[in-house]
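Structure file target36.txt; described as compact mmCIF, C-alpha atoms.
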# COMPACT_ATOMS: atom_id res chain seq x y z
CA MET A 1 0.00 0.00 0.00
CA SER A 2 2.84 2.41 0.70
CA ILE A 3 4.39 1.86 -2.76
CA ASP A 4 0.96 2.38 -4.33
CA GLN A 5 0.70 5.71 -2.52
CA ILE A 6 4.14 6.72 -3.80
CA ASP A 7 3.13 5.74 -7.34
CA ARG A 8 -0.05 7.81 -7.16
CA ASN A 9 1.87 10.86 -5.98
CA LEU A 10 4.60 10.30 -8.56
CA PHE A 11 2.07 10.20 -11.40
CA ARG A 12 0.22 13.23 -10.04
CA ALA A 13 3.49 15.15 -10.13
CA ALA A 14 4.23 13.88 -13.65
CA LEU A 15 0.80 15.15 -14.75
CA GLY A 16 1.62 18.58 -13.33
CA ASN A 17 -0.66 18.34 -10.30
CA PRO A 18 1.66 17.42 -7.39
CA ARG A 19 0.50 17.28 -3.79
CA PRO A 20 1.77 20.09 -1.57
CA GLY A 21 5.25 19.22 -0.37
CA TRP A 22 5.90 16.61 -3.06
CA TYR A 23 8.99 18.31 -4.43
CA LEU A 24 10.32 18.86 -0.91
CA LEU A 25 9.76 15.32 0.45
CA GLY A 26 8.50 12.95 -2.23
CA GLN A 27 10.77 13.75 -5.14
CA PRO A 28 14.02 13.30 -3.16
CA MET A 29 12.67 10.00 -1.79
CA VAL A 30 12.03 8.46 -5.22
CA GLU A 31 15.39 9.65 -6.52
CA SER A 32 17.41 7.53 -4.06
CA TRP A 33 16.98 3.91 -3.00
CA PHE A 34 18.57 4.83 0.35
CA ARG A 35 15.75 7.27 1.04
CA PHE A 36 13.06 5.14 -0.66
CA TRP A 37 13.42 1.88 1.30
CA PRO A 38 13.25 3.26 4.87
CA TRP A 39 10.16 5.25 3.92
CA VAL A 40 8.48 2.24 2.29
CA LEU A 41 9.32 -0.09 5.18
CA ALA A 42 8.08 2.34 7.84
CA PHE A 43 4.85 3.14 6.09
CA GLY A 44 4.47 -0.47 4.99
CA VAL A 45 4.17 -1.47 8.65
CA VAL A 46 1.52 1.20 9.23
CA SER A 47 -0.31 0.11 6.06
CA ALA A 48 -0.17 -3.53 7.16
CA LEU A 49 -1.90 -2.64 10.43
CA ILE A 50 -4.59 -0.68 8.61
CA VAL A 51 -5.11 -3.52 6.14
CA TRP A 52 -5.23 -6.11 8.96
CA TYR A 53 -7.90 -4.25 10.91
CA ILE A 54 -9.98 -2.41 8.32
CA GLY A 55 -9.48 -4.82 5.41
CA GLY A 56 -10.00 -7.77 7.74
CA TRP A 57 -13.18 -6.21 9.09
CA TRP A 58 -14.51 -5.69 5.53
CA PHE A 59 -13.53 -9.24 4.55
CA ASN A 60 -15.29 -10.71 7.61
CA LEU A 61 -18.37 -8.61 6.90
CA ARG A 62 -18.55 -10.01 3.35
CA VAL A 63 -18.15 -13.54 4.74
CA ARG A 64 -21.11 -12.89 7.06
CA TRP A 65 -23.17 -11.49 4.18
CA SER A 66 -22.30 -14.65 2.27
CA GLY A 67 -23.93 -16.80 4.93
CA ASP A 68 -21.43 -17.67 7.70
CA LYS A 69 -22.83 -16.00 10.83
CA LEU A 70 -20.34 -17.64 13.24
CA ILE A 71 -17.11 -16.52 11.60
CA ASN A 72 -13.85 -16.63 13.51
CA ARG A 73 -12.64 -13.06 12.91
CA ARG A 74 -8.95 -13.93 13.25
CA GLU A 75 -9.27 -16.75 10.73
CA GLY A 76 -11.03 -14.37 8.35
CA ARG A 77 -8.20 -11.88 8.64
CA LEU A 78 -5.66 -14.65 8.00
CA VAL A 79 -7.43 -15.79 4.82
CA TYR A 80 -7.65 -12.15 3.72
CA THR A 81 -3.94 -11.61 4.43
CA PHE A 82 -2.95 -14.72 2.49
CA ALA A 83 -5.00 -13.65 -0.54
CA GLY A 84 -3.51 -10.17 -0.28
CA ALA A 85 -0.01 -11.66 -0.28
CA VAL A 86 -0.79 -13.28 -3.64
CA GLN A 87 -1.22 -9.78 -5.02
CA THR A 88 1.45 -7.94 -3.03
CA LEU A 89 4.48 -10.23 -3.01
CA PRO A 90 5.11 -10.16 -6.79
CA SER A 91 5.03 -6.36 -6.74
CA VAL A 92 7.45 -6.22 -3.82
CA LEU A 93 9.76 -8.67 -5.59
CA TYR A 94 9.58 -6.46 -8.69
CA VAL A 95 10.65 -3.40 -6.67
CA ILE A 96 13.46 -5.38 -4.99
CA ALA A 97 14.72 -6.48 -8.43
CA SER A 98 14.43 -2.89 -9.64
CA THR A 99 16.72 -1.84 -6.81
CA PHE A 100 19.53 -3.74 -8.53
CA LEU A 101 18.58 -2.74 -12.08
CA TYR A 102 17.93 1.00 -11.78
CA GLU A 103 19.58 3.96 -10.09
CA SER A 104 16.38 4.99 -8.31
CA TYR A 105 12.71 4.17 -7.96
CA TYR A 106 11.94 7.10 -10.23
CA ASP A 107 14.12 5.58 -12.98
CA ALA A 108 12.42 2.19 -12.51
CA VAL A 109 8.91 3.65 -12.81
CA MET A 110 9.76 5.82 -15.79
CA SER A 111 11.68 3.11 -17.68
CA ASP A 112 10.40 1.70 -20.95
CA GLU A 113 10.22 -1.93 -19.92
CA VAL A 114 7.38 -4.34 -20.56
CA TRP A 115 7.91 -7.15 -18.06
CA SER A 116 6.26 -5.26 -15.18
CA SER A 117 2.94 -5.64 -17.03
CA VAL A 118 2.99 -9.28 -15.86
CA LEU A 119 2.11 -7.89 -12.42
CA LEU A 120 -1.37 -7.02 -13.70
CA ILE A 121 -2.46 -10.66 -13.45
CA PHE A 122 -1.88 -10.92 -9.68
CA PRO A 123 -4.83 -8.78 -8.49
CA LEU A 124 -7.11 -11.07 -10.52
CA TRP A 125 -5.37 -14.13 -9.12
CA SER A 126 -5.92 -12.68 -5.64
CA VAL A 127 -9.65 -12.47 -6.33
CA GLY A 128 -9.67 -16.18 -7.11
CA THR A 129 -7.60 -16.93 -4.01
CA ASN A 130 -10.03 -14.94 -1.86
CA TYR A 131 -13.01 -16.85 -3.21
CA ARG A 132 -11.37 -20.26 -2.88
CA GLY A 133 -10.24 -19.43 0.65
CA VAL A 134 -13.72 -18.32 1.67
CA ARG A 135 -15.35 -21.43 0.16
CA ALA A 136 -12.78 -23.73 1.80
CA ARG A 137 -12.67 -22.18 5.30
CA PHE A 138 -16.16 -20.82 5.90
CA ASP A 139 -19.73 -22.07 5.72
CA VAL A 140 -20.99 -19.69 3.03
CA ARG A 141 -23.61 -19.94 0.31
CA ALA A 142 -22.20 -20.14 -3.22
CA TRP A 143 -24.01 -17.27 -4.96
CA PRO A 144 -23.61 -14.60 -2.28
CA ALA A 145 -19.92 -15.57 -1.98
CA ARG A 146 -19.51 -15.30 -5.75
CA PHE A 147 -21.03 -11.82 -5.68
CA TRP A 148 -18.97 -10.52 -2.74
CA PHE A 149 -15.69 -12.25 -3.59
CA ILE A 150 -15.64 -12.51 -7.40
CA ILE A 151 -18.13 -10.22 -9.15
CA LEU A 152 -17.77 -7.10 -7.00
CA PRO A 153 -13.94 -7.27 -6.78
CA ILE A 154 -13.65 -7.77 -10.55
CA LEU A 155 -15.88 -4.75 -11.14
CA VAL A 156 -13.71 -2.68 -8.79
CA LEU A 157 -10.53 -3.93 -10.53
CA ALA A 158 -11.99 -3.05 -13.93
CA LEU A 159 -12.81 0.44 -12.68
CA LEU A 160 -9.30 0.87 -11.25
CA ILE A 161 -7.65 -0.41 -14.43
CA GLY A 162 -9.77 2.01 -16.43
CA LEU A 163 -8.71 4.89 -14.19
CA VAL A 164 -5.05 3.87 -14.47
CA GLY A 165 -5.46 3.72 -18.26
CA ILE A 166 -6.90 7.22 -18.29
CA ALA A 167 -4.05 8.48 -16.07
CA LEU A 168 -1.42 6.86 -18.31
CA ASN A 169 -3.10 8.36 -21.37
CA LEU A 170 -3.01 11.80 -19.77
CA LEU A 171 0.62 11.25 -18.79
CA ALA A 172 1.52 10.25 -22.36
CA ARG A 173 -0.25 13.34 -23.70
CA ALA A 174 1.47 15.57 -21.18
CA THR A 175 4.92 14.23 -22.02
CA THR A 176 4.36 14.51 -25.80
CA THR A 177 3.19 18.11 -25.53
CA VAL A 178 6.24 19.00 -23.42
CA ALA A 179 8.67 17.30 -25.82
Now that the file is in, can you turn its structure into structure tokens?
Amino acid sequence: MSIDQIDRNLFRAALGNPRPGWYLLGQPMVESWFRFWPWVLAFGVVSALIVWYIGGWWFNLRVRWSGDKLINRREGRLVYTFAGAVQTLPSVLYVIASTFLYESYYDAVMSDEVWSSVLLIFPLWSVGTNYRGVRARFDVRAWPARFWFIILPILVLALLIGLVGIALNLLARATTTVA
């Protein structure tokens, strides 16, 4: 979640609409791995706590709406965390590999490489992992679980991918008009 936040702010700045203080704090951070990693690790811990409590709460609520009224909340959070790891770990491994391939996080993000597009499959894979975990560990009804753990997440992913596509299109237009 912390790297996602950095990416959002990085693209906002690239589009000419940076958050206040970006050039003072954010830009130096993405220009050096030595400043990037402590920031990511510190805020990654904070993000993990938020995801554990709020994301776990939302996950458990969807399990209840899918039919399991006697859910073990800790077990729900563990299933949610495992499915989230399916999505997160490949991205973290990508950034670790980028540490050795690029001078800075900024250079990695702005590079013209294609292999990072493989990471787009993992959020979808995580949706499947969520659903399979819910069906295996909890006493839920099939159709409500499909709605809450497959249909709704895929709709949200499609919306997010569309928004990212729009942002990348705007970024491409902004860089071609500057050049």
Find the residues around Ile96 (chain A) up to 12 Å (all atoms listed in the file counted), leave out those fewer than 6 positions away in its own chain, and share them as number ranges by chain.
A: 3, 33, 36-37, 40, 89-90, 102, 104-105, 108
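Minimum distance to Val79 (chain A) across A:Phe122, A:Phe34, A:Phe138, A:Tyr106 (counting all atoms listed in the file) occurs at A:Phe138.
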Contacts of Arg146 (chain A) at 10 Å (only C-alpha atoms; same-chain gap of 4+ positions) as number ranges by chain
A: 66, 128, 131-132, 134-135, 140-142, 150-153
Put those residues in a file: C-alpha atoms, as a short mmCIF file (atom, residue, chain, number, x, y, z; two decimals), keeping the file's coordinate frame.
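The result, stored in out23.cif:
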data_model
loop_
_atom_site.label_atom_id
_atom_site.label_comp_id
_atom_site.auth_asym_id
_atom_site.auth_seq_id
_atom_site.Cartn_x
_atom_site.Cartn_y
_atom_site.Cartn_z
CA SER A 66 -22.30 -14.65 2.27
CA GLY A 128 -9.67 -16.18 -7.11
CA TYR A 131 -13.01 -16.85 -3.21
CA ARG A 132 -11.37 -20.26 -2.88
CA VAL A 134 -13.72 -18.32 1.67
CA ARG A 135 -15.35 -21.43 0.16
CA VAL A 140 -20.99 -19.69 3.03
CA ARG A 141 -23.61 -19.94 0.31
CA ALA A 142 -22.20 -20.14 -3.22
CA ILE A 150 -15.64 -12.51 -7.40
CA ILE A 151 -18.13 -10.22 -9.15
CA LEU A 152 -17.77 -7.10 -7.00
CA PRO A 153 -13.94 -7.27 -6.78
#
The residue from A:Val95, A:Ile121, A:Ala48, A:Leu10 with the smallest atom-to-atom distance to Tyr23 (chain A), counting all atoms listed in the file, is A:Leu10
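Compared by their closest atoms to Thr88 (chain A), and using all atoms listed in the file, the residues A:Leu171, A:Leu120, A:Leu15, A:Ile166 rank with A:Leu120 nearest.
Atom pair CA of Gly84 (chain A) / CA of Val127 (chain A): separated by 8.9 Å.
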Please report, as AutoDock Vina command-line options, the centre and edge lengths in Å to one decimal of an axis-aligned box covering all listed atoms of region 29-36 of chain A with 3 Å per side.
--center_x 15.3 --center_y 7.0 --center_z -2.7 --size_x 12.5 --size_y 12.1 --size_z 13.6
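Candidate residues A:Glu75, A:Glu31, A:Asp107, A:Asp112 were compared for distance to Ala136 (chain A), and the nearest is A:Glu75, using all atoms listed in the file.
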